[in-house]
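Visitor: Input input-v1.txt, format and content: compact mmCIF, C-alpha atoms.
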# COMPACT_ATOMS: atom_id res chain seq x y z
CA MET A 397 0.00 0.00 0.00
CA TYR A 398 1.40 3.36 -1.01
CA ALA A 399 1.44 6.12 1.54
CA VAL A 400 1.76 9.72 0.47
CA PRO A 401 5.01 11.08 1.88
CA PRO A 402 4.81 14.23 3.94
CA PRO A 403 5.83 17.47 2.24
CA ARG A 404 9.52 18.20 2.31
CA GLY A 405 10.60 20.36 5.18
CA THR A 406 7.57 19.52 7.33
CA GLY A 407 9.63 17.60 9.87
CA LEU A 408 12.29 20.28 10.01
CA ALA A 409 9.68 22.97 10.44
CA ALA A 410 7.97 21.04 13.23
CA SER A 411 11.25 20.40 15.01
CA SER A 412 12.26 24.04 14.69
CA MET A 413 8.90 25.13 16.08
CA GLU A 414 9.32 22.76 19.01
CA ALA A 415 12.81 24.10 19.62
CA GLU A 416 11.51 27.67 19.55
CA ALA A 417 8.67 26.78 21.91
CA GLU A 418 11.11 25.12 24.29
CA ALA A 419 13.42 28.12 24.14
CA ASP A 420 10.51 30.45 24.93
CA ALA A 421 9.30 28.30 27.84
CA PRO A 422 9.97 29.81 31.26
CA ARG A 423 12.50 28.27 33.57
CA VAL A 424 11.45 26.23 36.57
CA TYR A 425 12.32 28.95 39.08
CA GLN A 426 10.20 31.44 37.12
CA ALA A 427 7.14 29.16 37.19
CA TRP A 428 7.76 27.90 40.73
CA LYS A 429 4.54 27.33 42.68
CA GLY A 430 6.14 27.53 46.11
CA SER A 431 6.75 30.70 48.11
CA ASN A 432 10.51 30.66 47.67
CA ILE A 433 12.66 33.55 46.49
CA PHE A 434 15.42 32.90 43.95
CA PHE A 435 18.66 34.78 43.33
CA LEU A 436 21.13 34.71 40.44
CA GLN A 437 18.64 33.15 38.02
CA GLY A 438 17.74 30.18 40.20
CA ARG A 439 21.22 29.38 41.50
CA PHE A 440 20.22 30.23 45.07
CA ILE A 441 16.86 29.44 46.66
CA PHE A 442 15.67 31.07 49.87
CA GLY A 443 12.48 31.07 51.88
CA PRO A 444 9.93 33.89 51.69
CA ASP A 445 11.35 35.37 54.92
CA VAL A 446 14.85 35.79 53.49
CA ARG A 447 15.02 39.34 54.86
CA SER A 448 15.57 37.93 58.33
CA LEU A 449 18.84 36.51 57.01
CA PHE A 450 20.27 40.03 56.87
CA LEU A 451 19.35 40.54 60.52
CA THR A 452 21.18 37.33 61.41
CA ILE A 453 24.26 38.47 59.50
CA PHE A 454 24.16 41.82 61.29
CA LEU A 455 23.91 40.16 64.71
CA ILE A 456 27.11 38.24 63.91
CA VAL A 457 29.15 40.86 62.07
CA ALA A 458 28.40 43.84 64.36
CA PRO A 459 29.79 42.37 67.62
CA ILE A 460 32.79 40.87 65.82
CA SER A 461 33.57 44.28 64.33
CA ILE A 462 33.47 45.83 67.81
CA PHE A 463 35.64 43.03 69.13
CA CYS A 464 38.28 43.47 66.42
CA ALA A 465 38.32 47.26 66.72
CA PHE A 466 38.47 47.67 70.51
CA VAL A 467 39.28 44.38 72.23
CA ALA A 468 41.49 42.43 69.83
CA GLY A 469 43.41 45.59 68.95
CA LYS A 470 44.25 46.24 72.59
CA LEU A 471 45.21 42.61 73.16
CA MET A 472 47.59 42.81 70.19
CA ASP A 473 49.38 45.67 71.96
CA ASP A 474 49.53 43.81 75.28
CA PHE A 475 50.58 40.45 73.86
CA SER A 476 53.64 39.77 71.81
CA ASN A 477 53.36 39.44 68.04
CA SER A 478 53.29 35.67 68.32
CA LEU A 479 50.08 35.85 70.38
CA GLY A 480 48.48 39.18 69.44
CA ILE A 481 48.05 38.61 65.69
CA PRO A 482 46.39 35.17 66.06
CA VAL A 483 43.75 36.72 68.34
CA MET A 484 42.61 38.97 65.50
CA ALA A 485 43.09 36.34 62.77
CA VAL A 486 41.08 33.66 64.55
CA ALA A 487 38.16 36.03 65.08
CA ILE A 488 38.07 37.05 61.41
CA ILE A 489 38.53 33.52 60.00
CA PHE A 490 35.99 32.04 62.38
CA THR A 491 33.44 34.71 61.42
CA ILE A 492 33.92 34.04 57.70
CA TYR A 493 33.53 30.31 58.34
CA ASP A 494 30.35 30.93 60.35
CA LEU A 495 28.81 33.12 57.62
CA THR A 496 29.70 30.53 54.97
CA LEU A 497 27.81 27.85 56.89
CA LEU A 498 24.88 30.24 57.23
CA LEU A 499 24.70 30.76 53.47
CA LEU A 500 25.06 27.02 52.81
CA ALA A 501 22.13 26.35 55.11
CA SER A 502 19.89 29.11 53.77
CA GLY A 503 20.71 29.37 50.06
CA ARG A 504 20.33 25.75 48.91
CA ASP A 505 17.49 23.35 48.23
CA PRO A 506 16.64 21.83 51.64
CA GLY A 507 15.22 18.69 50.01
CA ILE A 508 12.08 19.85 48.23
CA VAL A 509 10.00 17.04 46.73
CA PRO A 510 8.87 18.04 43.20
CA ARG A 511 5.14 18.41 42.83
CA SER A 512 3.27 15.85 40.80
CA ALA A 513 1.61 16.97 37.57
CA HIS A 514 -1.46 14.92 38.42
CA PRO A 515 -2.80 12.96 41.41
CA PRO A 516 -1.91 9.29 41.72
CA GLU A 517 -4.19 6.57 40.41
CA PRO A 518 -7.24 6.35 42.68
CA GLU A 519 -8.71 3.15 44.00
CA ILE A 520 -12.11 1.85 42.84
CA ILE A 521 -14.59 1.49 45.66
CA GLU A 522 -18.00 -0.10 45.77
CA GLY A 523 -21.20 1.85 45.30
CA GLY A 524 -20.44 4.10 42.39
CA GLY A 525 -22.51 7.16 41.58
CA GLU A 526 -25.17 7.45 38.88
CA VAL A 527 -24.58 10.01 36.12
CA GLY A 528 -27.17 10.33 33.34
CA GLY A 529 -28.88 7.12 34.40
CA VAL A 530 -25.65 5.15 33.98
CA GLN A 531 -23.98 3.48 36.95
CA THR A 532 -20.37 4.61 37.14
CA PRO A 533 -17.60 3.42 39.42
CA GLN A 534 -16.35 5.75 42.14
CA PHE A 535 -12.71 6.41 42.84
CA ARG A 536 -11.02 7.27 46.08
CA LEU A 537 -7.55 8.27 47.20
CA PRO A 538 -6.80 6.97 50.69
CA ARG A 539 -5.72 9.72 53.04
CA MET A 540 -2.85 7.67 54.45
CA MET A 541 -0.84 4.66 53.36
CA ASP A 542 1.31 2.23 55.34
CA VAL A 543 4.97 1.71 54.48
CA THR A 544 7.59 -0.39 56.23
CA VAL A 545 10.72 1.28 57.61
CA ASN A 546 13.30 -0.94 59.34
CA GLY A 547 10.64 -3.57 60.01
CA MET A 548 8.16 -1.07 61.49
CA THR A 549 4.98 0.24 59.91
CA VAL A 550 4.96 3.98 59.26
CA LYS A 551 2.01 5.94 57.90
CA VAL A 552 2.57 8.40 55.06
CA LYS A 553 0.03 11.09 54.24
CA TYR A 554 -1.29 12.41 50.98
CA CYS A 555 -0.44 16.06 50.27
CA ASP A 556 -3.31 17.90 48.59
CA THR A 557 -1.09 20.74 47.40
CA CYS A 558 1.75 18.68 45.93
CA MET A 559 -0.60 15.85 44.80
CA LEU A 560 1.62 13.06 46.07
CA TYR A 561 2.09 10.74 49.01
CA ARG A 562 4.83 12.21 51.13
CA PRO A 563 7.88 10.02 51.66
CA PRO A 564 8.62 8.97 55.25
CA ARG A 565 9.83 11.88 57.42
CA CYS A 566 8.60 14.34 54.78
CA SER A 567 6.26 17.17 55.73
CA HIS A 568 4.71 20.16 53.99
CA CYS A 569 6.04 23.54 55.14
CA SER A 570 3.22 26.07 55.34
CA ILE A 571 5.65 28.97 54.99
CA CYS A 572 7.55 27.83 51.90
CA ASN A 573 4.55 25.83 50.58
CA ASN A 574 6.70 22.82 49.69
CA CYS A 575 7.02 19.23 50.81
CA VAL A 576 10.52 18.83 52.29
CA GLU A 577 12.29 15.51 52.87
CA ARG A 578 13.35 14.84 56.47
CA PHE A 579 11.66 18.09 57.44
CA ASP A 580 13.06 19.42 60.71
CA HIS A 581 11.58 22.90 61.00
CA HIS A 582 11.43 26.26 59.26
CA CYS A 583 14.05 28.51 60.80
CA PRO A 584 13.20 32.24 60.63
CA TRP A 585 16.80 33.21 61.51
CA VAL A 586 18.10 31.31 58.49
CA GLY A 587 15.10 32.16 56.31
CA GLN A 588 14.80 28.62 54.97
CA CYS A 589 13.36 25.21 55.72
CA ILE A 590 15.77 22.84 57.43
CA GLY A 591 15.63 19.42 55.85
CA LEU A 592 17.58 16.56 54.38
CA ARG A 593 20.06 18.59 52.29
CA ASN A 594 20.92 21.44 54.68
CA TYR A 595 20.48 20.08 58.21
CA ARG A 596 24.20 19.31 58.47
CA PHE A 597 25.14 22.90 57.62
CA PHE A 598 22.47 24.27 59.92
CA TYR A 599 23.85 22.42 62.93
CA MET A 600 27.42 23.33 62.06
CA PHE A 601 26.36 26.97 61.83
CA VAL A 602 24.62 26.89 65.22
CA PHE A 603 27.52 25.10 66.88
CA SER A 604 30.18 27.37 65.35
CA THR A 605 28.17 30.42 66.46
CA THR A 606 28.22 29.01 69.98
CA LEU A 607 32.00 28.63 69.84
CA LEU A 608 32.35 32.16 68.44
CA CYS A 609 30.31 33.55 71.33
CA LEU A 610 32.48 31.70 73.86
CA TYR A 611 35.65 32.97 72.11
CA VAL A 612 34.55 36.61 72.25
CA PHE A 613 33.23 36.22 75.79
CA GLY A 614 36.49 34.73 77.07
CA LEU A 615 38.84 37.23 75.39
CA SER A 616 36.70 40.16 76.53
CA TRP A 617 37.28 39.05 80.11
CA VAL A 618 40.99 38.63 79.35
CA CYS A 619 41.09 42.27 78.23
CA VAL A 620 39.44 43.42 81.47
CA ILE A 621 41.85 41.40 83.60
CA LYS A 622 44.84 42.71 81.66
CA ILE A 623 43.79 46.27 82.42
CA ARG A 624 43.28 45.49 86.10
CA ASN A 625 46.69 43.87 86.44
CA ALA A 626 48.48 46.56 84.46
CA GLU A 627 47.04 49.51 86.40
CA HIS A 628 46.56 47.76 89.77
CA ILE A 629 42.93 48.79 90.12
CA THR A 630 39.74 47.01 91.06
CA ILE A 631 37.86 44.89 88.57
CA TRP A 632 35.02 47.43 88.43
CA ARG A 633 37.32 50.29 87.48
CA ALA A 634 38.98 48.08 84.92
CA MET A 635 35.59 47.31 83.39
CA ALA A 636 34.81 51.02 83.25
CA LYS A 637 37.98 51.61 81.21
CA THR A 638 36.87 49.19 78.46
CA PRO A 639 33.12 49.60 77.87
CA ALA A 640 33.35 47.64 74.61
CA SER A 641 34.40 44.55 76.55
CA ILE A 642 31.44 44.93 78.91
CA VAL A 643 29.00 45.25 76.03
CA LEU A 644 30.44 42.14 74.36
CA ILE A 645 30.40 40.16 77.62
CA ILE A 646 26.70 40.91 78.18
CA TYR A 647 25.80 40.31 74.52
CA THR A 648 27.62 37.00 74.19
CA PHE A 649 26.39 35.80 77.60
CA ILE A 650 22.78 36.24 76.48
CA SER A 651 23.38 34.85 72.99
CA VAL A 652 25.17 31.72 74.14
CA TRP A 653 22.08 30.60 76.02
CA PHE A 654 20.11 30.59 72.77
CA VAL A 655 22.60 29.10 70.33
CA GLY A 656 24.21 26.90 72.99
CA GLY A 657 20.88 25.52 74.10
CA LEU A 658 19.90 24.92 70.48
CA SER A 659 23.19 23.09 69.90
CA VAL A 660 22.59 20.79 72.87
CA PHE A 661 19.00 20.13 71.85
CA HIS A 662 19.95 19.17 68.29
CA LEU A 663 22.80 17.07 69.66
CA TYR A 664 20.17 15.06 71.49
CA LEU A 665 17.99 14.86 68.36
CA MET A 666 20.88 13.58 66.26
CA SER A 667 21.86 10.98 68.86
CA THR A 668 18.32 9.56 68.73
CA ASN A 669 17.79 10.21 64.98
CA GLN A 670 14.81 12.50 65.40
CA THR A 671 13.77 15.75 63.81
CA THR A 672 12.34 18.72 65.66
CA TYR A 673 8.99 18.08 63.99
CA GLU A 674 8.98 14.43 65.04
CA ASN A 675 10.07 15.26 68.58
CA PHE A 676 7.16 17.62 69.16
CA ARG A 677 4.56 15.66 67.19
CA TYR A 678 5.24 11.96 67.71
CA ARG A 679 7.11 11.85 71.03
CA TYR A 680 9.42 8.92 70.33
CA ASP A 681 10.27 8.71 74.02
CA ARG A 682 6.87 7.04 74.43
CA ARG A 683 6.99 4.87 71.32
CA ALA A 684 9.56 3.06 69.20
CA ASN A 685 11.55 5.17 66.76
CA PRO A 686 11.92 3.26 63.47
CA TYR A 687 14.82 5.50 62.37
CA ASN A 688 17.05 5.11 65.42
CA ARG A 689 20.05 2.90 64.52
CA GLY A 690 22.28 3.65 67.48
CA ILE A 691 24.23 6.75 68.47
CA MET A 692 27.28 6.16 66.26
CA GLU A 693 25.24 5.22 63.19
CA ASN A 694 22.95 8.18 63.74
CA PHE A 695 25.87 10.63 63.78
CA LYS A 696 27.39 8.97 60.73
CA GLU A 697 24.12 9.43 58.89
CA ILE A 698 24.24 13.18 59.55
CA PHE A 699 27.91 14.00 59.08
CA CYS A 700 29.55 11.15 57.16
CA THR A 701 27.13 10.42 54.34
CA SER A 702 27.02 12.18 51.00
CA ILE A 703 24.30 14.78 50.56
CA PRO A 704 21.83 13.56 47.92
CA PRO A 705 21.53 15.74 44.82
CA SER A 706 18.61 18.07 44.48
CA LYS A 707 15.51 16.67 42.81
CA ASN A 708 14.81 20.05 41.25
CA ASN A 709 16.67 21.70 38.38
CA PHE A 710 15.57 25.27 38.92
CA ARG A 711 17.33 26.58 35.84
CA ALA A 712 15.82 24.02 33.46
CA ARG A 713 13.03 24.91 31.06
CA VAL A 714 9.51 23.97 32.05
CA SER A 715 8.65 20.80 30.14
CA HIS A 716 5.44 20.28 28.24
CA GLU A 717 4.31 17.59 30.68
CA GLN A 718 4.55 20.00 33.60
CA GLY A 719 2.02 22.27 31.94
CA LEU A 720 -0.55 19.56 31.13
CA GLN A 721 -3.86 19.28 32.90
CA PRO A 722 -4.30 16.44 35.40
CA ARG A 723 -5.67 13.19 34.09
CA SER A 724 -9.41 12.79 34.05
CA SER A 725 -10.84 9.73 35.74
CA ILE A 726 -13.73 7.84 34.22
CA GLY A 727 -16.76 7.92 36.44
CA GLY A 728 -17.01 9.39 39.89
CA PHE A 729 -14.02 10.53 41.92
CA MET A 730 -13.46 11.04 45.61
CA SER A 731 -10.58 13.05 46.94
CA PRO A 732 -8.95 12.16 50.29
CA ASN A 733 -11.08 14.93 51.81
CA VAL A 734 -14.55 13.91 50.62
CA GLY A 735 -17.04 16.72 50.96
CA LYS A 736 -14.33 19.26 51.72
CA ALA A 737 -13.28 22.17 49.62
CA VAL A 738 -11.06 21.45 46.64
CA GLY A 739 -9.77 24.79 45.43
CA ASP A 740 -6.31 25.92 44.46
CA ILE A 741 -5.35 28.29 47.24
CA GLU A 742 -2.15 29.27 45.47
CA MET A 743 -4.18 30.90 42.66
CA GLY A 744 -6.65 32.54 45.01
CA ARG A 745 -9.60 30.46 43.87
CA LYS A 746 -12.69 29.98 45.92
CA PRO A 747 -13.01 26.32 46.94
CA VAL A 748 -15.70 24.15 45.37
CA THR A 749 -16.77 20.87 46.94
CA TRP A 750 -16.86 17.58 45.11
CA ASP A 751 -20.48 17.11 46.22
CA GLU A 752 -21.42 20.35 44.49
CA LEU A 753 -19.73 19.28 41.29
CA ARG A 754 -21.63 16.03 41.31
CA ALA A 755 -24.83 17.94 42.07
CA VAL A 756 -24.42 19.82 38.80
CA THR A 757 -25.57 16.65 37.02
CA GLN A 758 -29.07 17.31 38.28
CA VAL A 759 -29.44 20.49 36.24
CA GLY A 760 -31.22 18.53 33.53
CA GLU A 761 -34.32 18.52 35.71
CA ASN A 762 -34.38 22.31 35.80
CA GLU A 763 -34.79 23.13 32.12
CA GLU A 764 -36.47 26.43 32.83
CA GLY A 765 -33.21 27.94 34.00
CA LEU A 766 -31.21 26.79 30.97
CA SER A 767 -30.62 28.95 27.94
CA SER A 768 -30.09 27.23 24.62
CA ARG A 769 -27.62 29.82 23.38
CA ASN A 770 -25.45 29.22 26.42
CA MET A 771 -25.62 25.46 26.08
CA MET A 772 -25.21 25.02 22.32
CA ASP A 773 -22.57 26.36 20.01
CA ASP A 774 -23.89 28.62 17.21
CA LYS A 775 -22.08 26.69 14.53
CA ASP A 776 -22.28 22.96 15.12
CA GLY A 777 -24.51 22.64 18.19
CA GLU A 778 -21.77 21.29 20.43
CA LEU A 779 -21.43 22.20 24.07
CA SER A 780 -19.27 25.26 24.48
CA GLU A 781 -15.91 24.67 26.13
CA PRO A 782 -16.06 25.43 29.84
CA SER A 783 -13.36 27.47 31.42
CA PRO A 784 -10.49 25.34 32.74
CA ASP A 785 -10.40 27.49 35.85
CA LEU A 786 -12.83 26.94 38.67
CA SER A 787 -13.11 30.57 39.68
CA ARG A 788 -15.40 32.06 42.25
CA GLU A 789 -18.48 30.76 40.43
CA ALA A 790 -18.93 27.44 38.68
CA TYR A 791 -21.11 27.46 35.58
CA THR A 792 -22.85 24.71 33.70
CA GLY A 793 -24.64 26.20 30.77
CA GLY A 794 -26.78 29.06 31.96
CA MET A 795 -27.22 27.80 35.51
CA GLU A 796 -25.03 29.39 38.14
CA VAL A 797 -23.83 27.23 40.99
CA GLN A 798 -22.67 29.09 44.06
CA PRO A 799 -20.16 26.90 45.91
CA THR A 800 -20.37 26.76 49.64
CA GLN A 801 -17.28 27.88 51.51
CA HIS A 802 -15.76 25.00 53.47
CA HIS A 803 -12.77 25.33 55.72
CA ARG A 804 -10.39 22.43 55.57
CA ARG A 805 -7.30 21.66 57.48
CA SER A 806 -4.04 20.06 56.49
CA SER A 807 -1.06 19.10 58.59
CA TRP A 808 0.45 22.58 58.37
CA GLY A 809 -2.57 24.76 57.85
CA ARG A 810 -2.31 25.11 54.08
CA GLY A 811 -3.76 22.73 51.59
CA GLY A 812 -4.68 22.60 47.98
CA SER A 813 -5.81 20.20 45.38
CA TRP A 814 -5.39 19.40 41.76
CA GLU A 815 -7.21 21.11 38.92
CA THR A 816 -10.77 19.82 38.40
CA ALA A 817 -11.40 21.00 34.86
CA PRO A 818 -11.60 17.49 33.27
CA ASP A 819 -14.10 16.33 35.89
CA PHE A 820 -16.07 19.51 35.39
CA GLN A 821 -16.18 18.90 31.64
CA ALA A 822 -17.39 15.33 32.19
CA VAL A 823 -20.17 16.56 34.47
CA ALA A 824 -21.18 19.25 32.00
CA SER A 825 -21.21 16.70 29.19
CA ALA A 826 -23.46 14.42 31.22
CA ALA A 827 -25.78 17.35 31.92
CA ARG A 828 -25.93 18.10 28.18
CA GLU A 829 -26.84 14.48 27.38
CA MET A 830 -29.53 14.49 30.02
CA ARG A 831 -30.97 17.71 28.66
CA THR A 832 -30.89 16.39 25.09
CA GLY A 833 -32.68 13.23 26.12
CA SER A 834 -35.21 15.22 28.10
CA GLY A 835 -35.75 17.53 25.13
CA ILE A 836 -36.43 14.61 22.80
CA GLY A 837 -38.97 13.21 25.23
CA SER A 838 -40.70 16.58 25.47
CA SER A 839 -40.89 17.00 21.71
CA SER A 840 -42.29 13.49 21.29
CA SER A 841 -44.99 14.12 23.85
CA GLY A 842 -45.81 17.43 22.24
CA ALA A 843 -46.17 15.77 18.83
What would you get if you wrote out this structure as structure tokens?
Guide:
Amino acid sequence: MYAVPPPRGTGLAASSMEAEAEADAPRVYQAWKGSNIFFLQGRFIFGPDVRSLFLTIFLIVAPISIFCAFVAGKLMDDFSNSLGIPVMAVAIIFTIYDLTLLLLASGRDPGIVPRSAHPPEPEIIEGGGEVGGVQTPQFRLPRMMDVTVNGMTVKVKYCDTCMLYRPPRCSHCSICNNCVERFDHHCPWVGQCIGLRNYRFFYMFVFSTTLLCLYVFGLSWVCVIKIRNAEHITIWRAMAKTPASIVLIIYTFISVWFVGGLSVFHLYLMSTNQTTYENFRYRYDRRANPYNRGIMENFKEIFCTSIPPSKNNFRARVSHEQGLQPRSSIGGFMSPNVGKAVGDIEMGRKPVTWDELRAVTQVGENEEGLSSRNMMDDKDGELSEPSPDLSREAYTGGMEVQPTQHHRRSSWGRGGSWETAPDFQAVASAAREMRTGSGIGSSSSGA
């Protein structure tokens, strides 16, 4: 059988058009659905509260500058060159090291799980709904699933916003609006979530800040004692002669309680292989911890294992699959939150319940409120294409359905759901068929 070959240049033209479309597609960081802030064209990712990072930097740099200008400078004069210069050098090098750890903890992907383009395959349950007089199966996504971790059963939850089942130890951050692997907490001082890929740097930053506070605190007292011994005066008069040392002693004494206490607390968490979130939520001191493998193994897991690569390429172009609509399920569908609102909070849409969408199928019984020019296309009589967005009002033909506002809760106060346009189209199509059948019956009876 002879097939007509395609015109010459068609394949090249199509490929060139695809290349142009791909080149014009935005990058991942430009179309990012989370609340993160990117710098240097997606090379650095921060949380929405990145401004607090500048406050943290100031709280470190300001006292060190005072220390180098007034305390370390005086100690360099009192000590010999072999001891005076290292006092200044250690303070500067330690501060640079501390700030580097801060940027490594705040400016990198903490372990964000990429969002799914569509919800997972639902399960078929008994007792399907009836659409247009036809019995259809009903689908359901279980809210939680059981997985086995080190021989113990762990429950993982479904995330409405990211449309996926969270991996073990993963949680959705309500501030950054992302699911983060081994989620520990969202640190406002760092301006970033603390998770699988930056927890090591976070602890090293907190611990090095503790050591820096102790270093400044100790040498400030050394400066006061040097003045007392040199001038043979009381300790109070010596303190009055170096007010910078007194300010640094008070400042570091207060600060060390915060960063030192945080260092000890996370030392305990690492020894038992817990996260801050797990410690406050699950209380593993009252139940078995499936992740605890012993103190040595727990510390090796934190400090001696390679950091997994990021699952997100923020500088890549958005692929065509990422822009597709979610898959439409045949028949009825039940979300994990049946009867609860299913709106996209990230786009500011008013939630619509699944029950209301299914109720739209009953509009065939209310023909008086339907307008034929809204239901039928002027050209070929087909149903006009509904809007893919479920905005503040859902329409089926000429009938207006006002969704009821439902408040729903997720594990961190923010939830979402997938787009419902395909289901909405299926419901509208069923309503059209019901109306057509009803219209035929009416015309027959009239004849």
Visitor: With all atoms listed in the file as the atoms that count, which of A:Cys569, A:Val602, A:Ile631, A:Ala513 lies nearest to A:Val586?
Guide: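 Once distances to A:Val586 are computed over all atoms listed in the file, the minimum belongs to A:Val602.
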Visitor: What does the structure give for the distance between atom CA of A:Leu607 and atom CA of A:Leu471, in Å to one decimal?
Guide: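 That distance, rounded to one decimal, is 19.5 Å.
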Visitor: Need to verify the contact set: stretch 617-625 of chain A, 9 Å, all atoms listed in the file, exclusion of same-chain residues closer than 2 positions in sequence. Can you return it as a list in words?
Guide: Val467, Ala468, Lys470, Leu471, Asp474, Val612, Phe613, Gly614, Leu615, Glu627, His628, Ile629, Thr630, Ile631, Trp632, Arg633, Ala634, Met635, Lys637, Thr638, Ser641, Ile642 and Ile645 of chain A
Visitor: Choose the residue, out of A:Cys583, A:Met666, A:Ile433, A:Ile456, that has the smallest atom-to-atom separation from A:Arg689; count only C-alpha atoms.
Guide: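 Looking at the shortest contact to A:Arg689, the residue is A:Met666.
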Visitor: Can you measure atom CA of A:Ile691 to atom CA of A:Leu610 for me? One decimal in Å is fine.
Guide: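 Distance between the two atoms: 26.8 Å.
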Visitor: Mind pulling up the distance from atom CA of A:Phe434 to atom CA of A:Thr671?
Guide: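 If I compute the distance from atom CA of A:Thr671 to atom CA of A:Phe434, I get 26.3 Å.
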Visitor: For a quick check of understanding, using only C-alpha atoms, which of A:Met600, A:Ala501, A:Met484, A:Ala636 has the smallest distance to A:Leu658?
Guide: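 Comparing A:Met600, A:Ala501, A:Met484, A:Ala636 against A:Leu658, the winner is A:Met600.
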Visitor: Give the answer as one residue: which of A:Val483, A:Met548, A:Leu455, A:Leu663 has the shortest atom-to-atom distance to A:Arg683, using only C-alpha atoms?
Guide: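 Going through A:Val483, A:Met548, A:Leu455, A:Leu663 one by one, the smallest distance to A:Arg683 is for A:Met548.
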Visitor: If you take every atom of stretch 554-561 of chain A that the file lists and fit an axis-aligned box around them with 6 Å extra on each side, what centre and edge lengths come out in Å to one decimal, as lines of an AutoDock Vina configuration file?
Guide:
center_x = -0.6
center_y = 15.7
center_z = 47.9
size_x = 17.4
size_y = 22.0
size_z = 18.2
Visitor: Measuring between all atoms listed in the file, which one of A:Pro510, A:Trp653, A:Val643, A:Ser659 shows the shortest distance to A:Phe466?
Guide: A:Val643
Visitor: Tell me which of A:Met559, A:Ile489, A:Ile590, A:Cys575 sits closest to A:Pro518, counting all atoms listed in the file.
Guide: A:Met559
Visitor: If we count all atoms listed in the file and set the cut-off at 8 Å, which residues sit around A:Leu498, ignoring sequence neighbours fewer than 6 positions away in its own chain? Please answer as a ChimeraX atom specification.
Guide: /A:586,597-598,601
Visitor: Taking C-alpha atoms for each residue, export the selection above as a short mmCIF file (atom, residue, chain, number, x, y, z; two decimals), in the coordinates of the input.
Guide:
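Final output, saved to result30.cif:
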data_model
loop_
_atom_site.label_atom_id
_atom_site.label_comp_id
_atom_site.auth_asym_id
_atom_site.auth_seq_id
_atom_site.Cartn_x
_atom_site.Cartn_y
_atom_site.Cartn_z
CA VAL A 586 18.10 31.31 58.49
CA PHE A 597 25.14 22.90 57.62
CA PHE A 598 22.47 24.27 59.92
CA PHE A 601 26.36 26.97 61.83
#
Visitor: Would you list the contacts of A:Ile441 as a list of chain:residue names, taking every protein, DNA or RNA residue within 7 Å and counting all atoms listed in the file, but skipping same-chain residues closer than 6 positions in sequence?
Guide: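 Contacts, in chain order: A:Asn432, A:Ile433, A:Phe434, A:Phe435, A:Gly503, A:Arg504, A:Asp505.
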Visitor: Place N, CA and C atoms on stretch 594-606 of chain A and deliver the coordinates as a PDB file, in the frame of the given file.
Guide:
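rebuild04.pdb, written as the output of this step:
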ATOM      1  N   ASN A 594      20.226  20.324  54.028  1.00  0.00           N
ATOM      2  CA  ASN A 594      20.920  21.440  54.680  1.00  0.00           C
ATOM      3  C   ASN A 594      20.944  21.336  56.196  1.00  0.00           C
ATOM      4  N   TYR A 595      20.470  20.208  56.749  1.00  0.00           N
ATOM      5  CA  TYR A 595      20.480  20.080  58.210  1.00  0.00           C
ATOM      6  C   TYR A 595      21.913  20.054  58.747  1.00  0.00           C
ATOM      7  N   ARG A 596      22.804  19.382  58.030  1.00  0.00           N
ATOM      8  CA  ARG A 596      24.200  19.310  58.470  1.00  0.00           C
ATOM      9  C   ARG A 596      24.797  20.703  58.588  1.00  0.00           C
ATOM     10  N   PHE A 597      24.579  21.549  57.595  1.00  0.00           N
ATOM     11  CA  PHE A 597      25.140  22.900  57.620  1.00  0.00           C
ATOM     12  C   PHE A 597      24.457  23.761  58.673  1.00  0.00           C
ATOM     13  N   PHE A 598      23.183  23.510  58.896  1.00  0.00           N
ATOM     14  CA  PHE A 598      22.470  24.270  59.920  1.00  0.00           C
ATOM     15  C   PHE A 598      23.069  24.001  61.301  1.00  0.00           C
ATOM     16  N   TYR A 599      23.287  22.712  61.611  1.00  0.00           N
ATOM     17  CA  TYR A 599      23.850  22.420  62.930  1.00  0.00           C
ATOM     18  C   TYR A 599      25.277  22.943  63.048  1.00  0.00           C
ATOM     19  N   MET A 600      26.057  22.808  62.010  1.00  0.00           N
ATOM     20  CA  MET A 600      27.420  23.330  62.060  1.00  0.00           C
ATOM     21  C   MET A 600      27.423  24.841  62.234  1.00  0.00           C
ATOM     22  N   PHE A 601      26.470  25.524  61.648  1.00  0.00           N
ATOM     23  CA  PHE A 601      26.360  26.970  61.830  1.00  0.00           C
ATOM     24  C   PHE A 601      26.019  27.314  63.278  1.00  0.00           C
ATOM     25  N   VAL A 602      25.023  26.611  63.834  1.00  0.00           N
ATOM     26  CA  VAL A 602      24.620  26.890  65.220  1.00  0.00           C
ATOM     27  C   VAL A 602      25.764  26.584  66.183  1.00  0.00           C
ATOM     28  N   PHE A 603      26.434  25.477  65.976  1.00  0.00           N
ATOM     29  CA  PHE A 603      27.520  25.100  66.880  1.00  0.00           C
ATOM     30  C   PHE A 603      28.713  26.048  66.750  1.00  0.00           C
ATOM     31  N   SER A 604      29.061  26.438  65.520  1.00  0.00           N
ATOM     32  CA  SER A 604      30.180  27.370  65.350  1.00  0.00           C
ATOM     33  C   SER A 604      29.841  28.748  65.912  1.00  0.00           C
ATOM     34  N   THR A 605      28.573  29.150  65.846  1.00  0.00           N
ATOM     35  CA  THR A 605      28.170  30.420  66.460  1.00  0.00           C
ATOM     36  C   THR A 605      28.312  30.346  67.975  1.00  0.00           C
ATOM     37  N   THR A 606      28.015  29.192  68.545  1.00  0.00           N
ATOM     38  CA  THR A 606      28.220  29.010  69.980  1.00  0.00           C
ATOM     39  C   THR A 606      29.691  29.152  70.353  1.00  0.00           C
TER      40      THR A 606
END
